[in-house]
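Working notes, beginning with the structure itself.
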Amino acid sequence: MKDPWQKAREDVTKAVAEVMPRLAIPKTHLKKLKLANHIEEPPSYKMGDLACSISFPIGKIKKVSPRKIAEDIIDKVRRPRSVYLIKLAGAYVNFFLKFGEFAKAVVTEAQKDSFGKGEKQKDKVMIEYSQPNPLKAFHIGHVRNTTLGESLSRIMKEAGHDVIQANLFNDIGMHVAKTLWCYKNFHEGEKAHTNVSKWINKIYVDACRRLEEDPDKKEEVSEILKHLEAQDEEEITKLWKQFRTWSVDEFKEIYKELDAHFDEDFYESDLKPRGKEIIEELRKKKLAKRSKGATIIDLKKEGLPVWLLLKSDGTALYSTQDLALAEEKFKKFKIDKSVYVVGSEQRLHFQQLFKTLELMGFKKAKKCHHLAYSLVTLKEGKMSSREGTAILYADLRDEMMKKAMSEVHDRNPEIVPKVQKELAMKITIAAMKYSMLNVGNNKTIFFDWDTALEFEGDTGPYIQYATVRAKRIIEKAGKKSSANVDFKLLNNKDSQRLIKQISKLPMVIRESAETYQPHIVANYTYALADKFSAFYTTNPVIEAETPELRNARLALVIATYKTLQKCLYLLGIEEPNRM
RNA sequence: ACCACCGUAGCCUAGUUUGGAUAAGGCGUUUCCCUCCUAAGGAAAAGGUCGAGAGUUCAAAUCUCUCCGGUGGUGCCA
């Protein structure tokens with residue numbers, strides 16, 4: 001009974017399945033008819049709760065009109081106990097659920113904490129996400145990644161998986177060398193005034209500009225990188241550590257604001273030595289080889305282009321660390337599955353990585369999954385941190401906070417500024433995260449300020465608002481227990497649509513986790529908030545016409561509130577006390 | 001050149017994995033609704049060659065092929 005919607009589907013499917021043998025369908029065809037796929041939801045609630053379209057293919061096979069088959073099914077079908085009416089509509093067989101019973105099951109289940117929880121899975125999954133570059137700024141692309149990874153982690157846990165949340169700091173590499181080079185030569189002694197990463201980012205942008213103008217200087221940068229990797233120059237190492245600390249500390253502040261949590265932090269600089277060893281082993285096994293001074297692995301036989309493992313000066317690349325990281329993940333943490341939340345521009349990189357792991361004889365290579373998502377781009381085109389055109393998280397947050405603060409101030413002038421600010425922050429983060437979560441992973445998000453500052457309609461604050469309204473109704477109604485609820489009273493359109501929406505949560509969590517698509521939960525949540533908004537405007541709770549009606553509606557509001565709370569949690573969005 | 005992803009109302013998006021009934025929302029536009037649990041809300045109207053064409057099918061936004069447009073990637077960036 002944990003999943004009333006699933007149960008209703010199963011009841012109907014079973015009833016139709018029982019009729020099938022009596023329809024004299026040739027056995028060879030019978031197998032091809034996937035009955036479960038023909039049990040669907042009708043386009044309008046007026047047509048029923050579930051529909052069966054199996055008459056079409058059967059009609060085709062038997063060369064009889066589908067209408068005739070549907071009549072036949074209706075004639076022979078045994079009505080499940082959960083259904084009160086079976087109706088013919090064209091060639092469809094439509095089922096109407098006994099709504100009082102369905103409502104009782106849904107509202108009762110939805111009030112439990114276990115509602116939506118999947119069965120405990122045995123597998124251990126590591127989800128790696130965020131992966132910011134210390135010494136570069138945290139921009140809105142990182143926000144999309146972090147939001148996606150955090151939400152996916154929560155959804156997969158809810159679906160029953162054992163999840164380890166992991167982050168990888170790309171704390172070494174060309175971008176770091178460039179920044180340190182530029183600092184040493186042109187900015188020595190300067191300090192950040194307020195925002196450290198913004199200041200560091202400026203130096204990085206300056207470095208890129210200078211190197212563009214004077215490409216000969218790249219030699220100097222390359223030298224710094226070599227020393228960084230070898231850690232053989234105290235002064236450089238010290239400077240690097242200082243910058244890294246500044247940067248990482250600030251990222252951790254951002255994670256607090258974004259409510260993102262990691263069980264494990266990996267650092268590229270720790271992984272590189274082992275990565276180089278692995279590459280050396282690959283060379284000995286003749287899998288990898290030298291080419292034009294660099295070290296490569298030729299994947300042409302596997303249908304993939306050559307993959308570069310080490311640069312000709314011997315310094316490392318992403319590939320170097322990713323080989324070591326895969327080994328570390330599976331061996332040290334004994335995981336069964338590894339999900340990499342990384343931008344879709346790295347699709348080829350991960351194909352090459354997984355294929356190489358396979359060639360190395362790494363048994364769990366097939367258990368690696370690259371969860372690709374598209375970029376956040378500007379109208380003018382791709383953001384570039386090199387050119388300094390990226391929209392930084394801190395700037396976006398500040399701008400949204402201004403708007404949120406003025407709204408909060410207008411609506412809640414009586415509360416103290418400190419609380420106003422906390423509230424505005426919750427709304428800001430909700431709006432930001434939701435806008436990253438309600439679109440499919442493969443969809444490019446075109447960032448524009450007007451949309452970002454929108455708090456109405458299909459947005460995070462709208463969902464928060466509906467949640468707060470539900471909470472307030474419950475508070476004002478007092479803690480009356482809702483025992484002996486007459487669920488048949490919840491018989492109007494808005495109540496029924498709300499109940500049906502609630503009932504789908506377990507299915508939504510399953511699908512979202514299976515396909516790594518948090519936007520399924522996001523869209524579900526919006527629809528839930530939307531149906532609740534319609535419900536509460538037409539169904540007064542506290543001022544209900546009778547105590548029985550009040551009792552029934554209150555139970556539904558409690559169930560809705562619980563469900564909304566759970567959804568907000570799954571999206572990584574906080575619930576405000578008021579709005 | 002090759003590979004991948006995207007193309008659904010003026011703008012943005014869901015629906016495509018698993019083909020089914022009148023293509024679903026948001027923003028914007030035009031109307032209404034605050035003596036009644038918070039108007040970040042609700043009700044309604046207008047707005048569509050689902051990029052184009054062909055094919056498969058009883059049935060195509062959904063599957064197949066071709067083409068067009070956009071984005072990203074294709075050995076020393078990350």
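For the structure tokens, the naming scheme is as follows: chains receive sequential letters (A, B, ...) according to their order of presentation, residues are indexed from 1 within each chain, and ligands are indexed from 1 in presentation order.
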
Could you list, as a PDB file with C-alpha atoms, in the first residue's frame, every residue of chain A that has an atom within 6 Å of an atom of chain B, counting only C-alpha atoms (C1' of nucleotides)?
```
ATOM      1  CA  LEU A 308      46.212  12.333 -24.736  1.00  0.00           C
ATOM      2  CA  LYS A 311      51.749  16.526 -22.422  1.00  0.00           C
ATOM      3  CA  GLU A 345      31.349  19.142 -23.661  1.00  0.00           C
ATOM      4  CA  GLU A 456       6.360  34.252 -10.051  1.00  0.00           C
ATOM      5  CA  GLY A 457       4.869  31.412 -12.054  1.00  0.00           C
ATOM      6  CA  ASP A 458       6.955  28.306 -12.644  1.00  0.00           C
ATOM      7  CA  TYR A 462       6.042  29.835  -6.147  1.00  0.00           C
ATOM      8  CA  ILE A 473      -3.511  26.484   7.206  1.00  0.00           C
TER       9      ILE A 473
END
```

Would you mind listing what lies within 10 Å of B:C50 as a short mmCIF file (atom, residue, chain, number, x, y, z; two decimals) with C-alpha atoms (C1' of nucleotides), in the first residue's frame, with only C-alpha atoms (C1' of nucleotides) counted and same-chain residues fewer than 5 positions away left out?
```cif
data_model
loop_
_atom_site.label_atom_id
_atom_site.label_comp_id
_atom_site.auth_asym_id
_atom_site.auth_seq_id
_atom_site.Cartn_x
_atom_site.Cartn_y
_atom_site.Cartn_z
"C1'" G B 7 15.04 22.68 -32.48
"C1'" U B 8 7.45 22.40 -29.50
"C1'" A B 23 -0.16 18.84 -27.94
"C1'" A B 61 5.84 15.73 -31.11
#
```

Kindly give the distance, in Å, that separates atom CA of A:Ala431 and atom CA of A:Thr459, rounded to a single decimal.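 So the answer is 6.0 Å.
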
Would you pick out the contacts of stretch 342-344 of chain A at 6 Å or less, using only C-alpha atoms (C1' of nucleotides), so that residues sharing its chain but fewer than 5 positions from it are not included, and give the list as a PDB file with N, CA and C atoms, in the first residue's frame?
```pdb
ATOM      1  N   ALA A 372      25.824  13.749 -18.358  1.00  0.00           N
ATOM      2  CA  ALA A 372      26.157  14.978 -19.079  1.00  0.00           C
ATOM      3  C   ALA A 372      25.026  15.975 -18.992  1.00  0.00           C
ATOM      4  N   TYR A 373      25.361  17.208 -18.792  1.00  0.00           N
ATOM      5  CA  TYR A 373      24.346  18.259 -18.837  1.00  0.00           C
ATOM      6  C   TYR A 373      24.918  19.385 -19.689  1.00  0.00           C
ATOM      7  N   SER A 374      24.041  20.169 -20.287  1.00  0.00           N
ATOM      8  CA  SER A 374      24.520  21.217 -21.192  1.00  0.00           C
ATOM      9  C   SER A 374      24.914  22.475 -20.435  1.00  0.00           C
TER      10      SER A 374
END
```

Between B:G69, B:G10, B:G48, B:G15, which one has atoms that come closest to B:G28, using only C-alpha atoms (C1' of nucleotides)?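 Looking only at the distances to B:G28, the closest residue turns out to be B:G10.
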
Test item, alpha helix (DSSP H) assignment across stretch 464-558 of chain A, answer as a ChimeraX atom specification: /A:464-477,493-503,505-514,518-538,547-558

Show me, as a PyMOL selection string, the residues that have an atom within 12 Å of B:G19 when counting only C-alpha atoms (C1' of nucleotides), minus same-chain residues fewer than 5 positions from it. (chain A and resi 37-38+53+57) or (chain B and resi 56-57+59-63)

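Between atom CA of A:Ala552 and atom CA of A:Phe487 there is a distance of 6.0 Å.
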